[in-house]
Structure formats: C-alpha cells, structure tokens
>>> print(open('upload17.pdb').read())   # PDB, C-alpha atoms
MODEL        1
ATOM      1  CA  MET A  27       0.000   0.000   0.000
ATOM      2  CA  ASP A  28       2.747   2.411   1.036
ATOM      3  CA  ARG A  29       4.844   1.900  -2.086
ATOM      4  CA  HIS A  30       6.896   5.090  -1.761
ATOM      5  CA  ALA A  31       8.089   4.627   1.829
ATOM      6  CA  ASP A  32      11.628   3.565   0.889
ATOM      7  CA  ALA A  33      12.186   6.391  -1.596
ATOM      8  CA  ALA A  34      10.866   8.942   0.919
ATOM      9  CA  ALA A  35      13.108   7.512   3.660
ATOM     10  CA  ASP A  36      16.093   7.820   1.296
ATOM     11  CA  LEU A  37      15.307  11.476   0.716
ATOM     12  CA  ARG A  38      15.081  12.129   4.431
ATOM     13  CA  ARG A  39      18.363  10.315   5.059
ATOM     14  CA  THR A  40      20.329  12.174   2.397
ATOM     15  CA  VAL A  41      19.004  15.586   3.482
ATOM     16  CA  LEU A  42      19.828  14.873   7.127
ATOM     17  CA  ASP A  43      23.108  12.995   6.803
ATOM     18  CA  THR A  44      24.999  14.139   3.700
ATOM     19  CA  PRO A  45      28.058  16.058   4.956
ATOM     20  CA  GLY A  46      27.741  19.798   4.387
ATOM     21  CA  ALA A  47      27.951  23.239   5.945
ATOM     22  CA  SER A  48      25.516  22.563   8.796
ATOM     23  CA  ASP A  49      25.930  19.708  11.234
ATOM     24  CA  ARG A  50      23.540  16.795  11.520
ATOM     25  CA  ALA A  51      22.134  17.944  14.851
ATOM     26  CA  ALA A  52      21.172  21.320  13.372
ATOM     27  CA  ARG A  53      19.405  19.654  10.441
ATOM     28  CA  ARG A  54      17.568  17.275  12.738
ATOM     29  CA  ALA A  55      16.469  20.227  14.857
ATOM     30  CA  ALA A  56      15.281  22.048  11.703
ATOM     31  CA  LEU A  57      13.313  18.995  10.600
ATOM     32  CA  ALA A  58      11.741  18.414  14.011
ATOM     33  CA  ALA A  59      11.137  22.139  14.646
ATOM     34  CA  HIS A  60      12.600  22.232  18.132
ATOM     35  CA  ASP A  61      15.726  23.688  19.764
ATOM     36  CA  VAL A  62      16.429  25.994  16.837
ATOM     37  CA  PRO A  63      18.151  29.273  17.808
ATOM     38  CA  GLU A  64      17.163  32.710  16.440
ATOM     39  CA  PRO A  65      17.287  34.133  13.832
ATOM     40  CA  LEU A  66      16.938  30.705  12.265
ATOM     41  CA  ALA A  67      13.845  29.758  14.257
ATOM     42  CA  ALA A  68      11.707  32.545  12.805
ATOM     43  CA  TYR A  69      12.842  31.788   9.250
ATOM     44  CA  LEU A  70      12.357  28.013   9.534
ATOM     45  CA  GLY A  71       8.958  28.583  11.155
ATOM     46  CA  LYS A  72       7.943  30.466   8.024
ATOM     47  CA  VAL A  73       9.343  27.712   5.790
ATOM     48  CA  ARG A  74       7.135  25.227   7.593
ATOM     49  CA  GLU A  75       3.882  27.145   7.997
ATOM     50  CA  ALA A  76       3.838  30.245   5.756
ATOM     51  CA  SER A  77       6.592  29.932   3.167
ATOM     52  CA  TYR A  78       4.803  32.358   0.803
ATOM     53  CA  ARG A  79       5.609  35.126   3.317
ATOM     54  CA  ILE A  80       9.398  34.687   3.065
ATOM     55  CA  THR A  81      11.166  37.708   1.622
ATOM     56  CA  ASP A  82      14.676  38.553   0.425
ATOM     57  CA  ALA A  83      15.241  40.217   3.802
ATOM     58  CA  ASP A  84      14.571  36.961   5.690
ATOM     59  CA  VAL A  85      17.267  35.110   3.754
ATOM     60  CA  ASP A  86      19.689  38.065   3.699
ATOM     61  CA  GLY A  87      19.314  38.328   7.480
ATOM     62  CA  LEU A  88      20.578  34.767   7.916
ATOM     63  CA  LEU A  89      23.559  35.411   5.661
ATOM     64  CA  VAL A  90      24.391  38.633   7.532
ATOM     65  CA  ALA A  91      24.142  36.680  10.795
ATOM     66  CA  GLY A  92      26.962  34.492   9.509
ATOM     67  CA  LEU A  93      25.287  31.450   7.975
ATOM     68  CA  SER A  94      26.674  30.284   4.655
ATOM     69  CA  GLU A  95      24.411  29.869   1.639
ATOM     70  CA  ASP A  96      24.983  26.110   1.821
ATOM     71  CA  ALA A  97      23.870  26.017   5.446
ATOM     72  CA  VAL A  98      20.710  27.986   4.618
ATOM     73  CA  PHE A  99      20.004  25.591   1.741
ATOM     74  CA  GLU A 100      20.490  22.496   3.910
ATOM     75  CA  LEU A 101      18.364  23.803   6.785
ATOM     76  CA  THR A 102      15.613  24.976   4.421
ATOM     77  CA  LEU A 103      15.490  21.482   2.916
ATOM     78  CA  ALA A 104      15.292  19.888   6.369
ATOM     79  CA  ALA A 105      12.490  22.196   7.548
ATOM     80  CA  ALA A 106      10.501  21.729   4.323
ATOM     81  CA  LEU A 107      10.815  17.945   4.628
ATOM     82  CA  GLY A 108       9.806  18.098   8.277
ATOM     83  CA  ALA A 109       6.608  19.997   7.467
ATOM     84  CA  ALA A 110       5.807  17.724   4.514
ATOM     85  CA  GLY A 111       6.545  14.599   6.555
ATOM     86  CA  ARG A 112       4.300  15.708   9.398
ATOM     87  CA  ARG A 113       1.357  15.957   6.981
ATOM     88  CA  LEU A 114       2.164  12.662   5.261
ATOM     89  CA  ASP A 115       2.473  10.877   8.603
ATOM     90  CA  ALA A 116      -0.882  12.314   9.734
ATOM     91  CA  GLY A 117      -2.606  10.937   6.633
ATOM     92  CA  LEU A 118      -0.905   7.535   6.799
ATOM     93  CA  ARG A 119      -1.666   7.253  10.530
ATOM     94  CA  ALA A 120      -5.362   7.893   9.835
ATOM     95  CA  LEU A 121      -5.240   5.223   7.125
ATOM     96  CA  ARG A 122      -3.774   2.698   9.577
ATOM     97  CA  GLU A 123      -6.269   3.646  12.269
ATOM     98  CA  ALA A 124      -9.157   3.178   9.852
ATOM     99  CA  GLY A 125      -8.210  -0.520   9.826
TER     100      GLY A 125
ATOM    101  CA  MET B  11      16.821  32.631  -6.696
ATOM    102  CA  ARG B  12      17.678  33.945  -3.226
ATOM    103  CA  LEU B  13      20.819  31.793  -2.865
ATOM    104  CA  ARG B  14      23.486  32.535  -5.460
ATOM    105  CA  ILE B  15      24.985  29.042  -5.157
ATOM    106  CA  LEU B  16      21.850  27.635  -6.815
ATOM    107  CA  ASP B  17      22.456  29.764  -9.896
ATOM    108  CA  HIS B  18      26.234  29.815 -10.077
ATOM    109  CA  SER B  19      28.003  27.064  -8.138
ATOM    110  CA  HIS B  20      27.137  23.808  -9.898
ATOM    111  CA  ARG B  21      29.745  21.177 -10.668
ATOM    112  CA  LEU B  22      31.124  21.057 -14.206
ATOM    113  CA  ARG B  23      28.786  18.320 -15.469
ATOM    114  CA  ALA B  24      25.681  20.168 -14.250
ATOM    115  CA  ARG B  25      27.022  23.497 -15.483
ATOM    116  CA  ILE B  26      27.399  22.103 -18.983
ATOM    117  CA  LEU B  27      23.898  20.621 -18.901
ATOM    118  CA  LEU B  28      22.353  23.908 -17.718
ATOM    119  CA  ARG B  29      24.174  25.737 -20.522
ATOM    120  CA  VAL B  30      22.847  23.249 -23.091
ATOM    121  CA  ILE B  31      19.310  23.731 -21.748
ATOM    122  CA  ARG B  32      19.662  27.514 -22.021
ATOM    123  CA  LEU B  33      20.842  27.235 -25.628
ATOM    124  CA  THR B  34      18.368  24.641 -26.861
ATOM    125  CA  ASN B  35      15.252  25.831 -24.998
ATOM    126  CA  ARG B  36      16.121  29.523 -25.156
ATOM    127  CA  THR B  37      14.920  29.948 -21.615
ATOM    128  CA  GLU B  38      16.399  29.815 -18.142
ATOM    129  CA  PRO B  39      16.322  26.185 -16.879
ATOM    130  CA  ASP B  40      13.624  25.056 -14.442
ATOM    131  CA  PRO B  41      14.648  26.130 -10.910
ATOM    132  CA  VAL B  42      13.746  22.632  -9.678
ATOM    133  CA  ALA B  43      16.427  21.305 -12.042
ATOM    134  CA  LYS B  44      18.932  23.884 -10.805
ATOM    135  CA  VAL B  45      18.270  22.970  -7.173
ATOM    136  CA  SER B  46      18.365  19.242  -7.921
ATOM    137  CA  LEU B  47      21.634  19.465  -9.861
ATOM    138  CA  TYR B  48      23.374  21.421  -7.109
ATOM    139  CA  ARG B  49      25.096  18.911  -4.748
ATOM    140  CA  PRO B  50      22.705  16.200  -6.027
ATOM    141  CA  GLU B  51      23.763  13.748  -3.324
ATOM    142  CA  LEU B  52      22.125  16.042  -0.739
ATOM    143  CA  PHE B  53      18.643  16.407  -2.270
ATOM    144  CA  GLY B  54      18.220  16.164  -6.022
ATOM    145  CA  ARG B  55      19.064  12.522  -6.613
ATOM    146  CA  ALA B  56      16.661  11.174  -3.987
ATOM    147  CA  PHE B  57      14.009  13.823  -4.678
ATOM    148  CA  MET B  58      13.927  13.276  -8.448
ATOM    149  CA  HIS B  59      13.760   9.515  -7.934
ATOM    150  CA  LEU B  60      10.794   9.943  -5.570
ATOM    151  CA  ILE B  61       8.880  12.529  -7.624
ATOM    152  CA  GLU B  62       9.220  10.507 -10.840
ATOM    153  CA  GLN B  63       7.876   7.424  -9.097
ATOM    154  CA  VAL B  64       5.058   9.367  -7.391
ATOM    155  CA  MET B  65       3.945  11.400 -10.434
ATOM    156  CA  ARG B  66       4.459   8.926 -13.284
ATOM    157  CA  GLY B  67       5.061   5.485 -11.727
ATOM    158  CA  PRO B  68       2.383   2.815 -11.209
ATOM    159  CA  SER B  69      -0.753   4.211  -9.497
ATOM    160  CA  ASP B  70      -4.555   3.954  -9.544
ATOM    161  CA  TRP B  71      -4.491   7.664 -10.426
ATOM    162  CA  SER B  72      -3.790   8.806 -13.971
ATOM    163  CA  ALA B  73      -0.943  11.244 -14.596
ATOM    164  CA  GLY B  74      -3.546  14.006 -15.056
ATOM    165  CA  GLU B  75      -5.271  13.224 -11.762
ATOM    166  CA  ARG B  76      -1.927  13.338  -9.981
ATOM    167  CA  GLU B  77      -1.256  16.724 -11.589
ATOM    168  CA  LEU B  78      -4.602  17.914 -10.189
ATOM    169  CA  PHE B  79      -3.430  16.910  -6.702
ATOM    170  CA  ALA B  80      -0.153  18.741  -7.355
ATOM    171  CA  VAL B  81      -2.056  21.927  -8.241
ATOM    172  CA  PHE B  82      -4.388  21.469  -5.285
ATOM    173  CA  VAL B  83      -1.557  21.180  -2.734
ATOM    174  CA  SER B  84       0.398  24.016  -4.345
ATOM    175  CA  ARG B  85      -2.671  26.254  -3.973
ATOM    176  CA  LEU B  86      -2.995  25.304  -0.292
ATOM    177  CA  ASN B  87       0.632  26.361   0.165
ATOM    178  CA  SER B  88       0.204  29.547  -1.923
ATOM    179  CA  CYS B  89       3.088  28.496  -4.156
ATOM    180  CA  ARG B  90       2.730  30.702  -7.197
ATOM    181  CA  PHE B  91       5.540  28.968  -9.088
ATOM    182  CA  CYS B  92       4.246  25.386  -8.725
ATOM    183  CA  VAL B  93       0.612  26.427  -9.245
ATOM    184  CA  GLY B  94       1.604  28.045 -12.551
ATOM    185  CA  ILE B  95       3.693  25.164 -13.871
ATOM    186  CA  HIS B  96       1.394  22.343 -12.765
ATOM    187  CA  THR B  97      -1.807  24.074 -13.875
ATOM    188  CA  ASP B  98      -0.254  24.005 -17.346
ATOM    189  CA  VAL B  99       0.917  20.384 -17.027
ATOM    190  CA  ALA B 100      -2.491  19.264 -15.700
ATOM    191  CA  GLY B 101      -4.166  20.993 -18.637
ATOM    192  CA  LEU B 102      -2.156  18.780 -21.014
ATOM    193  CA  HIS B 103      -3.834  15.706 -19.489
ATOM    194  CA  VAL B 104      -7.322  16.772 -18.415
ATOM    195  CA  ASP B 105      -9.800  19.485 -19.446
ATOM    196  CA  PRO B 106      -8.070  22.833 -18.715
ATOM    197  CA  GLY B 107     -11.501  24.238 -17.788
ATOM    198  CA  LEU B 108     -11.746  21.696 -14.984
ATOM    199  CA  VAL B 109      -8.269  22.639 -13.733
ATOM    200  CA  ALA B 110      -9.356  26.286 -13.699
ATOM    201  CA  ARG B 111     -12.281  25.391 -11.405
ATOM    202  CA  ILE B 112     -10.082  23.690  -8.814
ATOM    203  CA  ASP B 113     -10.734  26.367  -6.170
ATOM    204  CA  GLN B 114     -14.456  25.554  -6.443
ATOM    205  CA  TRP B 115     -13.798  21.835  -6.057
ATOM    206  CA  ARG B 116     -16.583  21.380  -3.512
ATOM    207  CA  VAL B 117     -19.217  22.467  -6.033
ATOM    208  CA  ALA B 118     -17.483  21.935  -9.395
ATOM    209  CA  ASP B 119     -17.805  18.778 -11.462
ATOM    210  CA  PHE B 120     -14.882  16.792 -10.072
ATOM    211  CA  GLU B 121     -15.409  13.047  -9.812
ATOM    212  CA  PRO B 122     -16.467  12.039  -6.275
ATOM    213  CA  ARG B 123     -13.261  10.054  -5.706
ATOM    214  CA  ILE B 124     -11.150  13.100  -6.620
ATOM    215  CA  ALA B 125     -13.235  15.480  -4.484
ATOM    216  CA  ALA B 126     -13.093  13.095  -1.499
ATOM    217  CA  THR B 127      -9.313  12.857  -1.853
ATOM    218  CA  PHE B 128      -9.022  16.662  -2.104
ATOM    219  CA  ALA B 129     -10.878  16.830   1.234
ATOM    220  CA  LEU B 130      -8.457  14.368   2.857
ATOM    221  CA  VAL B 131      -5.377  16.121   1.471
ATOM    222  CA  GLU B 132      -6.713  19.497   2.634
ATOM    223  CA  ALA B 133      -7.385  18.152   6.135
ATOM    224  CA  ALA B 134      -3.904  16.589   6.359
ATOM    225  CA  ASN B 135      -2.345  19.867   5.208
ATOM    226  CA  VAL B 136      -4.308  22.375   7.218
ATOM    227  CA  THR B 137      -5.068  20.446  10.424
ATOM    228  CA  PRO B 138      -2.708  17.455  10.463
ATOM    229  CA  ASP B 139      -3.354  16.711  14.131
ATOM    230  CA  ALA B 140      -7.098  16.380  13.501
ATOM    231  CA  VAL B 141      -7.035  13.920  10.590
ATOM    232  CA  GLY B 142      -8.722  10.672  11.520
ATOM    233  CA  PRO B 143     -10.350   7.477  10.286
ATOM    234  CA  GLU B 144     -13.540   9.384   9.357
ATOM    235  CA  ASP B 145     -11.561  11.285   6.674
ATOM    236  CA  ILE B 146     -10.386   7.935   5.298
ATOM    237  CA  ALA B 147     -13.930   6.503   5.462
ATOM    238  CA  ARG B 148     -15.193   9.302   3.192
ATOM    239  CA  CYS B 149     -12.544   8.450   0.575
ATOM    240  CA  ARG B 150     -13.357   4.747   0.735
ATOM    241  CA  ALA B 151     -17.078   5.504   0.403
ATOM    242  CA  ALA B 152     -16.284   7.461  -2.780
ATOM    243  CA  GLY B 153     -14.517   4.399  -4.206
ATOM    244  CA  VAL B 154     -10.884   5.325  -3.468
ATOM    245  CA  SER B 155      -8.717   2.290  -2.638
ATOM    246  CA  ASP B 156      -6.305   2.433   0.294
ATOM    247  CA  THR B 157      -3.387   2.260  -2.122
ATOM    248  CA  ALA B 158      -4.789   5.231  -4.045
ATOM    249  CA  ILE B 159      -5.211   7.150  -0.768
ATOM    250  CA  ALA B 160      -1.550   6.541   0.096
ATOM    251  CA  ASP B 161      -0.470   7.483  -3.436
ATOM    252  CA  ALA B 162      -2.314  10.816  -3.185
ATOM    253  CA  LEU B 163      -0.731  11.489   0.219
ATOM    254  CA  TYR B 164       2.690  11.047  -1.399
ATOM    255  CA  VAL B 165       1.828  13.521  -4.167
ATOM    256  CA  ALA B 166       1.002  15.927  -1.343
ATOM    257  CA  PHE B 167       4.304  15.055   0.365
ATOM    258  CA  VAL B 168       6.492  15.881  -2.633
ATOM    259  CA  PHE B 169       4.602  19.121  -3.307
ATOM    260  CA  ASN B 170       4.576  20.113   0.354
ATOM    261  CA  THR B 171       8.355  19.822   0.132
ATOM    262  CA  ILE B 172       8.976  21.547  -3.197
ATOM    263  CA  ASN B 173       6.364  24.301  -2.610
ATOM    264  CA  ARG B 174       8.240  25.358   0.518
ATOM    265  CA  LEU B 175      11.568  25.375  -1.310
ATOM    266  CA  ALA B 176      10.077  27.309  -4.222
ATOM    267  CA  ASN B 177       8.634  29.950  -1.913
ATOM    268  CA  ALA B 178      11.666  30.194   0.381
ATOM    269  CA  LEU B 179      14.218  30.334  -2.426
ATOM    270  CA  ASP B 180      12.045  32.376  -4.809
ATOM    271  CA  PHE B 181      11.605  30.107  -7.830
ATOM    272  CA  ALA B 182      10.275  32.090 -10.781
ATOM    273  CA  TRP B 183       9.833  32.106 -14.532
ATOM    274  CA  GLU B 184      10.511  35.205 -16.574
ATOM    275  CA  THR B 185       7.502  35.335 -18.913
ATOM    276  CA  ASP B 186       4.283  33.380 -19.444
ATOM    277  CA  ALA B 187       5.863  31.875 -22.560
ATOM    278  CA  ASP B 188       8.772  30.635 -20.415
ATOM    279  CA  ARG B 189       6.349  29.128 -17.922
ATOM    280  CA  ILE B 190       4.574  27.217 -20.702
ATOM    281  CA  LYS B 191       7.935  26.007 -22.042
ATOM    282  CA  LEU B 192       8.953  24.746 -18.594
ATOM    283  CA  ALA B 193       5.607  22.947 -18.188
ATOM    284  CA  HIS B 194       5.848  21.292 -21.600
ATOM    285  CA  GLY B 195       9.478  20.359 -20.918
ATOM    286  CA  LEU B 196       8.605  18.730 -17.598
ATOM    287  CA  ASN B 197       5.715  16.847 -19.181
ATOM    288  CA  ARG B 198       7.923  15.683 -22.056
ATOM    289  CA  ILE B 199      10.637  14.254 -19.799
ATOM    290  CA  ALA B 200       7.903  12.886 -17.471
ATOM    291  CA  TYR B 201       9.966  13.853 -14.400
ATOM    292  CA  HIS B 202      12.835  11.651 -15.561
ATOM    293  CA  VAL B 203      16.340  13.022 -15.152
ATOM    294  CA  PRO B 204      19.065  10.596 -16.326
ATOM    295  CA  ARG B 205      20.835   9.186 -13.267
ATOM    296  CA  PHE B 206      24.327  10.104 -14.444
ATOM    297  CA  LEU B 207      23.405  13.792 -14.294
ATOM    298  CA  LEU B 208      22.561  13.451 -10.605
ATOM    299  CA  ARG B 209      25.805  11.734  -9.594
TER     300      ARG B 209
ENDMDL
END
>>> encode(input="upload17.pdb", output="structure tokens")
Amino acid sequence: MDRHADAAADLRRTVLDTPGASDRAARRAALAAHDVPEPLAAYLGKVREASYRITDADVDGLLVAGLSEDAVFELTLAAALGAAGRRLDAGLRALREAG
Amino acid sequence: MRLRILDHSHRLRARILLRVIRLTNRTEPDPVAKVSLYRPELFGRAFMHLIEQVMRGPSDWSAGERELFAVFVSRLNSCRFCVGIHTDVAGLHVDPGLVARIDQWRVADFEPRIAATFALVEAANVTPDAVGPEDIARCRAAGVSDTAIADALYVAFVFNTINRLANALDFAWETDADRIKLAHGLNRIAYHVPRFLLR
C-alpha cells in the first residue's frame, strides 16, 4: 500500500546525513522544529507554515548573521521535509487507524 | 533565486547541462532542475527519484489526476511557481476548464473520488493533528482504494516539500511563454532526469 516509503526515507536520510555546511544535529532540529536558535527559528517557522511570506530580507538576514548559503540551503530542505513529513504521517496514521 | 549558489556554483557536469538547456530551450532552466543538480547527493538525486515514481510510476491515479493533486496542494501552500507550472501540465492531461475550477472543487464537477481525496489532502495539510479514520472513510465511500489514498498522500508530500523550497528560495519564470515552455518540458521528460546527471 505504502509503495513510496523507501524512496521517501532515502530522501530524508540524504538531506539529514549528507556532509555539508551545517551539522547533523542542526538539520535534525530544523526537521523536528525544536531547539532551533534565532534568527533561524523565525525563518524556519515560516518555511514550515507560511513559506509564501518569506522575503529577500529573511534570507539576507541569515547570511548577515553568519550562515553560509549552503547552510541555509540544507536547513531549508530539512524544515521543508519536516513539514511535509508531518502531513504525510498524519494521513498515513489515519489510514492505519481506519483498519 | 535567493541563494546565489543555486544559480552559479554547480559542478562542471551540471554546469554544462544547464548551458545546453539555455541554448536549446532559449529559456532559463527550471529552478527545480537547478536545485536538484546542485550537490545532487544532498537532495536532487533522492528527490527526483521519488517525484518521478510518485507522479508517473504505477498508481490507480492517472498522470492528469496526480497533476490535479499537485495543483491542489500548491494552492494550499500559496506556491505561485508550482501552481503556474502544474496548472499548465495538468491541462495537457485533463480538461483545462476543470483545472481552472479547482478552487471551487466542492461544487465543481470533479469526480467524487477526486473530491473526497481533495478533502483528505486538505485536512492533512491544514489540520494534520485532527485527521482521523472518518476522513479515510469518506474516501473509501467514494470508491478510493487504500493504495490510491496513500499514493495521493505522497503527491502531497512531494509538493509540500517543493512548494516550501520554491517559496523560500524564490523560484520564478521570466515570462508566461517561459512558464509554458517549462511545463511542456517537464511533461515531455515525465519527471525523468538521467541518473548520471545526478551523480
């Protein structure tokens, strides 16, 4: 029934674990939406719940605060996957519960 | 694009490919391709594998129906870029007039199984903590198999991911003609990017 589970798990693994500019703990925090320091927390909150409101200034602010473009890319990916995964898991859980 | 690396820092192989696309299509390459070809081991390789399987692999849903779900989710996320591209792609598979009525899906002439699945996808997106077996029961009652329910949830998953990237990183097309070219290009390759380009 859940024929895409392996491919989705692969995506999650590569986004979280491929070596890059941010460490694995930071990406896990971005994906799970907890223990993220400012100014990242406000930006990643928007990525998850209101990404259409993100402006140039939001991203520039992170770069000015000292994050590299690669780190912003990696953490954006992790937060986007976290938000998408939360919704997928909610639907699949309901499907399991429906018996 | 808000991050310069996604326009200018690709490896040689990807840089050559992007240049070929610019020359042959006479338009800037699809931002999804640019993002996927940048450090493909991080995101693009796994993402393109998943989206190809979800959008064009085996499913109870036709390619056009899956494009309708893509448009539907992209509208929920207010992703102007993905709404534009996938409205065009959907219109290559199903009646473009139907695609244009997607915001009125509760009253428009969508098949019951599509409307019931829209309702489930909307509930999972907007109030994920409140989705329950009764949402599934409505899909089943409309004739949607459990496998088809899961398949639609995965369409939502890939678009929930890419919509957020598109909005955060500011994916855009330059003109309406470019948007139509990108949509036709995506439909022609059917989401398939040769593996060697993503190594």
>>> closest_atom_pairs(input="upload17.pdb", of="chain A", to="chain B", cutoff="6 Å", atoms="all atoms listed in the file", output="Markdown table")
| residue | atom | partner | partner_atom | distance |
| --- | --- | --- | --- | --- |
| A:Met27 | CA | B:Thr157 | CA | 4.6 |
| A:Ala33 | CA | B:Leu60 | CA | 5.5 |
| A:Leu37 | CA | B:Ala56 | CA | 4.9 |
| A:Thr40 | CA | B:Leu52 | CA | 5.3 |
| A:Val41 | CA | B:Leu52 | CA | 5.3 |
| A:Thr44 | CA | B:Leu52 | CA | 5.6 |
| A:Val73 | CA | B:Arg174 | CA | 5.9 |
| A:Ser77 | CA | B:Asn177 | CA | 5.5 |
| A:Tyr78 | CA | B:Asn177 | CA | 5.3 |
| A:Ile80 | CA | B:Ala178 | CA | 5.7 |
| A:Ala106 | CA | B:Thr171 | CA | 5.1 |
| A:Leu107 | CA | B:Thr171 | CA | 5.5 |
| A:Ala110 | CA | B:Asn170 | CA | 5.0 |
| A:Arg113 | CA | B:Ala134 | CA | 5.3 |
| A:Leu114 | CA | B:Phe167 | CA | 5.9 |
| A:Ala116 | CA | B:Pro138 | CA | 5.5 |
| A:Gly117 | CA | B:Ala134 | CA | 5.8 |
| A:Ala120 | CA | B:Gly142 | CA | 4.7 |
| A:Glu123 | CA | B:Pro143 | CA | 5.9 |
| A:Ala124 | CA | B:Pro143 | CA | 4.5 |
>>> write_last_selection(input="upload17.pdb", atoms="C-alpha atoms", output="PDB file, keeping the file's coordinate frame")
ATOM      1  CA  MET A  27       0.000   0.000   0.000  1.00  0.00           C
ATOM      2  CA  ALA A  33      12.186   6.391  -1.596  1.00  0.00           C
ATOM      3  CA  LEU A  37      15.307  11.476   0.716  1.00  0.00           C
ATOM      4  CA  THR A  40      20.329  12.174   2.397  1.00  0.00           C
ATOM      5  CA  VAL A  41      19.004  15.586   3.482  1.00  0.00           C
ATOM      6  CA  THR A  44      24.999  14.139   3.700  1.00  0.00           C
ATOM      7  CA  VAL A  73       9.343  27.712   5.790  1.00  0.00           C
ATOM      8  CA  SER A  77       6.592  29.932   3.167  1.00  0.00           C
ATOM      9  CA  TYR A  78       4.803  32.358   0.803  1.00  0.00           C
ATOM     10  CA  ILE A  80       9.398  34.687   3.065  1.00  0.00           C
ATOM     11  CA  ALA A 106      10.501  21.729   4.323  1.00  0.00           C
ATOM     12  CA  LEU A 107      10.815  17.945   4.628  1.00  0.00           C
ATOM     13  CA  ALA A 110       5.807  17.724   4.514  1.00  0.00           C
ATOM     14  CA  ARG A 113       1.357  15.957   6.981  1.00  0.00           C
ATOM     15  CA  LEU A 114       2.164  12.662   5.261  1.00  0.00           C
ATOM     16  CA  ALA A 116      -0.882  12.314   9.734  1.00  0.00           C
ATOM     17  CA  GLY A 117      -2.606  10.937   6.633  1.00  0.00           C
ATOM     18  CA  ALA A 120      -5.362   7.893   9.835  1.00  0.00           C
ATOM     19  CA  GLU A 123      -6.269   3.646  12.269  1.00  0.00           C
ATOM     20  CA  ALA A 124      -9.157   3.178   9.852  1.00  0.00           C
TER      21      ALA A 124
END
>>> atom_distance(input="upload17.pdb", atom1="CA of Gly67 in chain B", atom2="CA of Ile26 in chain B")
28.8 Å
>>> atom_distance(input="upload17.pdb", atom1="CA of Ser84 in chain B", atom2="CA of Asp70 in chain B")
21.3 Å
>>> closest_residue(input="upload17.pdb", among="B:Ala73, B:Ile95, B:Leu208, B:Ala126", to="Asp186 in chain B", atoms="all atoms listed in the file")
B:Ile95
>>> resolve_selection(input="upload17.pdb", expression="the PyMOL selection byres ((chain B and resi 110-124) around 8)", output="VMD selection string")
chain B and resid 75 82 97 106 to 109 125 to 128 149 152 to 154
>>> resolve_selection(input="upload17.pdb", expression="the PyMOL selection byres ((chain A and resi 88) around 10)", output="list in words")
Glu64, Pro65, Leu66, Tyr69, Ala83, Asp84, Val85, Asp86, Gly87, Leu89, Val90, Ala91, Gly92, Leu93, Ser94, Glu95, Ala97 and Val98 of chain A
>>> atom_distance(input="upload17.pdb", atom1="CA of Leu103 in chain A", atom2="CA of Lys72 in chain A")
12.8 Å
>>> resolve_selection(input="upload17.pdb", expression="the PyMOL selection byres ((chain B and resi 81) around 8)", output="number ranges by chain")
B: 77-80, 82-85, 92-93, 96-97, 100
>>> axis_aligned_box(input="upload17.pdb", around="range 55-64 of chain A", padding_each_side="5 Å", output="JSON")
{"center_x": 14.6, "center_y": 25.6, "center_z": 15.2, "size_x": 17.0, "size_y": 24.3, "size_z": 19.2}
>>> residues_around(input="upload17.pdb", residues="Ala52 in chain A", least_positions_apart="2", cutoff="12 Å", atoms="all atoms listed in the file", output="PyMOL selection string")
chain A and resi 41-43+46-50+54-63+66-67+70+97-98+100-105
>>> residues_around(input="upload17.pdb", residues="Leu28 in chain B", least_positions_apart="3", cutoff="12 Å", atoms="all atoms listed in the file", output="number ranges by chain")
B: 16-25, 31-48, 207
>>> build_atoms(input="upload17.pdb", residues="range 169-180 of chain B", atoms="N, CA and C atoms", output="mmCIF file, keeping the file's coordinate frame")
data_model
loop_
_atom_site.group_PDB
_atom_site.id
_atom_site.type_symbol
_atom_site.label_atom_id
_atom_site.label_comp_id
_atom_site.auth_asym_id
_atom_site.auth_seq_id
_atom_site.Cartn_x
_atom_site.Cartn_y
_atom_site.Cartn_z
ATOM 1 N N PHE B 169 4.910 17.710 -3.039
ATOM 2 C CA PHE B 169 4.602 19.121 -3.307
ATOM 3 C C PHE B 169 4.665 19.958 -2.030
ATOM 4 N N ASN B 170 4.358 19.373 -0.892
ATOM 5 C CA ASN B 170 4.576 20.113 0.354
ATOM 6 C C ASN B 170 6.055 20.446 0.526
ATOM 7 N N THR B 171 6.910 19.569 0.054
ATOM 8 C CA THR B 171 8.355 19.822 0.132
ATOM 9 C C THR B 171 8.774 20.888 -0.884
ATOM 10 N N ILE B 172 8.446 20.662 -2.150
ATOM 11 C CA ILE B 172 8.976 21.547 -3.197
ATOM 12 C C ILE B 172 8.292 22.927 -3.164
ATOM 13 N N ASN B 173 7.027 22.996 -2.734
ATOM 14 C CA ASN B 173 6.364 24.301 -2.610
ATOM 15 C C ASN B 173 7.124 25.186 -1.622
ATOM 16 N N ARG B 174 7.529 24.581 -0.507
ATOM 17 C CA ARG B 174 8.240 25.358 0.518
ATOM 18 C C ARG B 174 9.600 25.828 0.011
ATOM 19 N N LEU B 175 10.281 24.957 -0.738
ATOM 20 C CA LEU B 175 11.568 25.375 -1.310
ATOM 21 C C LEU B 175 11.355 26.489 -2.325
ATOM 22 N N ALA B 176 10.341 26.319 -3.173
ATOM 23 C CA ALA B 176 10.077 27.309 -4.222
ATOM 24 C C ALA B 176 9.774 28.672 -3.609
ATOM 25 N N ASN B 177 8.974 28.680 -2.556
ATOM 26 C CA ASN B 177 8.634 29.950 -1.913
ATOM 27 C C ASN B 177 9.826 30.545 -1.158
ATOM 28 N N ALA B 178 10.549 29.688 -0.431
ATOM 29 C CA ALA B 178 11.666 30.194 0.381
ATOM 30 C C ALA B 178 12.798 30.713 -0.503
ATOM 31 N N LEU B 179 13.053 29.997 -1.598
ATOM 32 C CA LEU B 179 14.218 30.334 -2.426
ATOM 33 C C LEU B 179 13.846 31.200 -3.627
ATOM 34 N N ASP B 180 12.542 31.459 -3.773
ATOM 35 C CA ASP B 180 12.045 32.376 -4.809
ATOM 36 C C ASP B 180 12.216 31.838 -6.224
#
